[in-house]
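Novice: Sharing a structure, written as structure tokens. Questions coming.
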There are 2 protein chains.
Amino acid sequence: MQEKLDDLKKRLAEISDIHNAAALLGWDQQTYMPPGGAAARARQLATLSQIAHEKFTDDAIGCLLNALHAHAHSLPYDSDDASLIRVTKREYDKARRLPPALVSEIAYASAQAFESWRKARNESRFCDFAPYLQRILELKIRYAGYLGYTDRIYDPLLDEFEPGMKTAQVEAIFANVKKEIVPLVHAISSKLHEVDNSFLHQDFHEDKQWDIGVEVARLIGYAFERGRQDRSPHPFTTSFSRDDVRITTRFMPDYFPAAFFATIHETGHALYNQGLRHELERTPLADGASLGAHESQSRLWENLIGRSRSFWKFFMPRVQAVFPEQFRNVNAEKMYRAVNRVQPSLIRVEADEITYNLHIMIRFELENALLEGRLAVSDLPDAWNTRMQEYLGITPPDDAHGVLQDVHWSHGSFGYFPTYSLGNIFASQLFDQIKKDISGLDTYFEKGEFHILLDWLRANLHIHGRKFTLDELANKITGESLQTHSFTAYLKNKYGEIYNL
Amino acid sequence: MQEKLDDLKKRLAEISDIHNAAALLGWDQQTYMPPGGAAARARQLATLSQIAHEKFTDDAIGCLLNALHAHAHSLPYDSDDASLIRVTKREYDKARRLPPALVSEIAYASAQAFESWRKARNESRFCDFAPYLQRILELKIRYAGYLGYTDRIYDPLLDEFEPGMKTAQVEAIFANVKKEIVPLVHAISSKLHEVDNSFLHQDFHEDKQWDIGVEVARLIGYAFERGRQDRSPHPFTTSFSRDDVRITTRFMPDYFPAAFFATIHETGHALYNQGLRHELERTPLADGASLGAHESQSRLWENLIGRSRSFWKFFMPRVQAVFPEQFRNVNAEKMYRAVNRVQPSLIRVEADEITYNLHIMIRFELENALLEGRLAVSDLPDAWNTRMQEYLGITPPDDAHGVLQDVHWSHGSFGYFPTYSLGNIFASQLFDQIKKDISGLDTYFEKGEFHILLDWLRANLHIHGRKFTLDELANKITGESLQTHSFTAYLKNKYGEIYNL
């Protein structure tokens with residue numbers, strides 16, 4: 001049996017190397033690649049992806065997994081080997097169900113849809129994008145059919161990003177959250193002027209923004225000798241091993257929070273990957289558990305730490321040292337309030353911590369309606385605008401600021417959006433547990449000691465890699481399934497105080 | 001037959017994509033990779049290299065090549081298809097002769113030898129490196145045996161870098177060159193003081209050196225939209241397609257020529273790759289013909305252009321604009337003489353255009369002696385020092401400045417060194433032809449018009465990619481085999497005038 005396990009691991013190690021090589025090609029594509037390199041890079045990525053797919057869906061892997069199935073059941077569920085066999089089997093079964101021709105067709109249609117989307121967004125013309133989106137939608141409906149489902153067509157698509165999670169569960173979670181935050185947003189709406197963030201809109205020299213970003217990343221534990229930061233149009237985190245986890249950022253010269261919080265956010269993702277165990281390297285377990293679990297880490301550091309009062313008690317003098325003119329009359333409390341200003345707005349990526357989730361819910365509801373045939377593509381802009389008015393009290397002036405703002409649908413990534421909010425929700429659940437386990441947490445943060453938090457995350461979450469689903473992790477770490485009361489209580493307490501509700 | 005050819009091309013395209021992906025991993029390793037990434041990167045490179053090797057040595061490729069053999073002979077020798085089949089067959093036959101276990105063993109021994117060499121060079125202790133070199137030597141003797149040879153054991157090793165070239169031919173070429181340049185070096189040795197280059201040793205701000213490097217690269221035709229320049233400890237050129245060809249450089253803050261000529265040199269390599277035909281992409285023909293042919297392009301631009309009087313007539317005001325203090329009293333003529341100063345010295349990479357070739361000949365002779373058992377590894381330092389004294393009139397003070405200076409032998413790259421001089425020699429042969437084909441070349445250069453030269457190189461050399469051997473190219477372009485009289489005449493004329501011989 002050991003021989004079979006070794007054979008499996010050897011094959012998976014090779015496949016993992018290919019994926020990590022492809023990840024470097026993707027990183028380069030978004031950071032340093034000259035424009036001329038684009039066409040060849042697309043081919044190289046397609047080739048690596050195809051080789052990895054062929055090797056992973058090889059019959060031999062299926063045979064090994066079948067032979068090892070009983071062995072896995074004789075081991076503890078959470079052991080490395082049992083988890084490796086279980087998770088690999090889950091991925092293998094999914095990969096085998098998909099006809100390669102359909103996967104290629106979607107890749108091809110996505111490339112076309114992406115180009116169409118980019119042009120349509122620039123010109124704010126949804127109707128130009130509609131036929132491409134229609135095509136993607138039809139292909140993804142077929143795709144979901146191949147993966148199979150018993151309840152909702154959204155289930156297998158969601159499962160790709162959030163293994164084990166069901167659409168009905170997300171609906172219940174979102175309903176709980178929405179019930180609490182829609183009234184909260186309405187209550188704040190009449191008091192928007194009570195928080196001043198005008199001083200965040202000044203000139204902030206890019207080099208200094210870079211330096212303060214590096215400082216905060218290092219402060220919260222990012223190991224630069226096992227990573228690096230570069231510039232890219234859209235910030236992202238990627239890794240080629242646990243010892244080479246890279247982040248990127250971009251700067252707005254006249255708005256301080258953009259790069260600062262993007263850096264903390266990406267550092268949160270990076271800390272997760274830098275915290276994986278060596279033993280899981282070159283296996284399918286060498287990553288975060290899911291997109292939601294990953295987002296819980298970026299959001300925890302960005303919002304629960306980076307937008308906390310105790311963080312700014314420590315960090316305010318440091319940003320003041322770098323930008324003395326701009327923050328001359330700003331103390332920690334003023335900064336704390338400013339970076340937490342609530343403002344219902346049109347664009348998801350610029351949204352505050354509360355309204356962000358309403359943006360997500362709109363997308364989740366519309367995706368389900370489209371996939372279930374309850375909504376025609378041509379009616380999508382109207383449906384979008386109606387919900388924006390209903391949830392956020394605003395209506396987009398055009399499609400570019402509405403239904404066309406996100407790239408995801410052009411990629412065919414239906415099922416991706418909800419993981420952003422699941423991350424927010426899980427972050428609060430984790431944080432409640434952390435506060436139970438470590439007393440006087442704020443006192444540490446006020447002294448700039450964040451390692452106690454990172455150590456906890458490493459010991460309780462990061463070390464597991466991709467062994468468990470989000471719900472399994474929630475149960476293992478907090479003793480209960482993913483729940484929303486931590487998150488809604490956090491929002492109500494924090495913003496109730498800030499806005500004096 | 002077309003179907004078989006298409007099948008072959010499809011397989012080769014996939015393999016080419018893997019090699020190009022690996023090249024990006026190598027580029028990143030030397031430019032941006034954080035220290036932590038090293039171990040995983042070595043594994044990823046090994047995996048890609050193994051997959052490419054497996055795919056290339058697949059029986060199916062052998063069958064296709066055999067089936068296409070007759071077809072190739074029915075096509076013109078220089079057609080794309082005939083060349084593709086011929087060159088692929090040549091590489092395939094070589095690859096099939098090598099036992100994968102031996103290739104792995106050499107890769108492993110090289111990694112160890114490299115570490116040993118780095119340490120031994122730092123401590124200037126050849127004896128520490130000797131056993132590793134001995135091991136590499138034994139493995140390469142076996143390696144040459146598998147590749148096979150009828151005349152000299154050096155032949156198959158040389159053939160890896162310079163296809164079709166024989167050791168005896170190199171010996172004859174080098175004897176011709178040595179006969180002419182050893183007396184030239186001796187004649188100059190008594191007049192070294194006649195050329196002043198002291199003004200090249202001043203403070204040159206790195207950012208300004210960077211700017212002037214970019215300016216000269218662009219001037220001679222490097223397309224930055226299909227490439228980029230970065231920093232690395234050792235300058236190099238690499239490419240992932242003809243539309244993504246990158247160069248690197250490094251700076252000496254107190255010596256102007258180091259980065260300047262390194263940039264022109266690497267740009268020369270890059271222009272070759274940027275000039276390949278689209279139609280050869282994703283085939284084994286998508287590269288320079290050989291290392292010698294590649295070096296002819298870097299040396300042509302670096303020395304025949306960059307160290308020419310007409311270049312400095314145009315370019316001197318430009319460097320003066322960037323470094324007005326440093327070059328206040330320097331005119332084009334003074335610069336021309338300074339950058340051509342001859343100085344027998346210990347280190348190959350710092351050598352001038354004449355003595356450089358003597359460094360190469362020493363290595364070539366010693367490699368042959370080692371491989372043929374005429375020289376023991378333990379006697380290598382003495383043999384090195386004796387030849388240095390004989391050819392250059394100087395003796396290294398220690399092994400670090402002598403036998404340990406180059407990395408090549410630790411990599412097992414026997415057969416590589418002579419291609420540097422073959423490049424110098426071929427560059428002069430090409431340049432004589434260019435002067436025949438284009439009259440008034442200097443007048444163009446004095447006006448900063450280098451495109452006429454690049455166009456000629458593109459039309460006569462670059463477009464062929466890897467279709468022909470160096471000798472085939474020489475015959476095709478100049479009507480005669482690789483010859484040395486162009487090179488020796490160039491050196492004697494140029495340096496005879498500078499040193500008033």
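Ordering of the structure tokens sets the chain letters (A, B, ...); residue numbers start at 1 within each chain; ligands are numbered from 1 in the order shown.
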When the cut-off is 6 Å and we count only C-alpha atoms, which residues of chain B are near chain A, given as a PyMOL selection string?
Specialist: chain B and resi 17+34-37+44+225-227+243-244
Novice: Need the shell around segment 179-191 of chain A: protein/DNA/RNA residues with any atom at most 7 Å away, counting only C-alpha atoms. Skip same-chain ones fewer than 4 positions apart. Format as a ChimeraX atom specification?
Specialist: /A:175,354,391,488,499
Novice: Just write the chosen residues, N, CA and C atoms, as an mmCIF file, in the first residue's frame.
Specialist:
data_model
loop_
_atom_site.group_PDB
_atom_site.id
_atom_site.type_symbol
_atom_site.label_atom_id
_atom_site.label_comp_id
_atom_site.auth_asym_id
_atom_site.auth_seq_id
_atom_site.Cartn_x
_atom_site.Cartn_y
_atom_site.Cartn_z
ATOM 1 N N ALA A 175 -29.311 35.412 3.892
ATOM 2 C CA ALA A 175 -30.571 35.961 4.400
ATOM 3 C C ALA A 175 -30.376 36.491 5.820
ATOM 4 N N ILE A 354 -19.477 46.988 5.350
ATOM 5 C CA ILE A 354 -20.874 46.552 5.470
ATOM 6 C C ILE A 354 -21.497 46.380 4.085
ATOM 7 N N TYR A 391 -31.305 47.513 -2.275
ATOM 8 C CA TYR A 391 -30.377 47.185 -1.182
ATOM 9 C C TYR A 391 -29.534 48.372 -0.747
ATOM 10 N N THR A 488 -22.464 39.626 12.148
ATOM 11 C CA THR A 488 -23.463 40.702 12.260
ATOM 12 C C THR A 488 -23.304 41.450 13.593
ATOM 13 N N TYR A 499 -21.255 55.410 14.537
ATOM 14 C CA TYR A 499 -22.320 56.302 14.058
ATOM 15 C C TYR A 499 -23.341 56.640 15.143
#
Novice: Quote the spacing between atom CA of Ile173 of chain A and atom CA of Gln483 of chain A in Å to one decimal place.
Specialist: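 Interatomic distance here is 7.3 Å.
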Novice: Quick one: distance from atom CA of Ala95 of chain A to atom CA of Asn273 of chain A in Å, one decimal?
Specialist: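 Atom-to-atom, atom CA of Ala95 of chain A and atom CA of Asn273 of chain A are spaced 24.1 Å apart.
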Novice: As an exercise, work out the distance from atom CA of Glu449 of chain A to atom CA of Phe314 of chain A in Å and give it to one decimal place.
Specialist: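 One can read the atom CA of Glu449 of chain A to atom CA of Phe314 of chain A distance as 9.3 Å.
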Novice: Could you give me, as a count of residues only, the residues within 12 Å of Ile347 of chain B, counting only C-alpha atoms and dropping anything in the same chain fewer than 2 positions from it?
Specialist: 28
Novice: Which residues are close to Ala338 of chain A, i.e. within 9 Å by only C-alpha atoms, leaving aside same-chain residues fewer than 6 positions away? Reply as a list in words.
Specialist: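 Skipping anything fewer than 6 positions along the chain leaves Val195, Asp196, Asn197, Ser198, Phe199 and Leu200 of chain A.
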Novice: Extract, using only C-alpha atoms, all DNA, RNA and protein residues at most 9 Å from segment 108-110 of chain A, discarding same-chain residues fewer than 3 positions from it, and format them as a list in words.
Specialist: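 Surrounding residues, per the criterion: Val103, Ser104, Glu105, Ala113, Phe114, Glu115, Tyr132, Leu133, Arg135, Ile136, Leu139, Trp409, Ser410, His411 and Gly412 of chain A.
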Novice: Which is closest to Glu194 of chain B among B:Asp207, B:Glu123, B:Glu497, B:Glu215, if we use only C-alpha atoms?
Specialist: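 Residue with the minimum atom-to-atom distance to Glu194 of chain B: B:Glu497.
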Novice: Identify which of the residues B:Leu501, B:Val377, B:Leu473, B:Ile212 lies closest to Leu192 of chain B, counting only C-alpha atoms when measuring atom-to-atom distances.
Specialist: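 Selected residue with least distance to Leu192 of chain B: B:Leu501.
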Novice: Write out as a ChimeraX atom specification which residues come within 10 Å of Phe256 of chain A when counting only C-alpha atoms, dropping same-chain ones fewer than 4 positions away.
Specialist: /A:199-206,209,251-252,260-261,326,339
Novice: If you count only C-alpha atoms, which residues fall within 7 Å of Ser296 of chain B, apart from same-chain ones fewer than 2 positions away, as a PyMOL selection string?
Specialist: chain B and resi 292-294+298-300+423-424+426-427
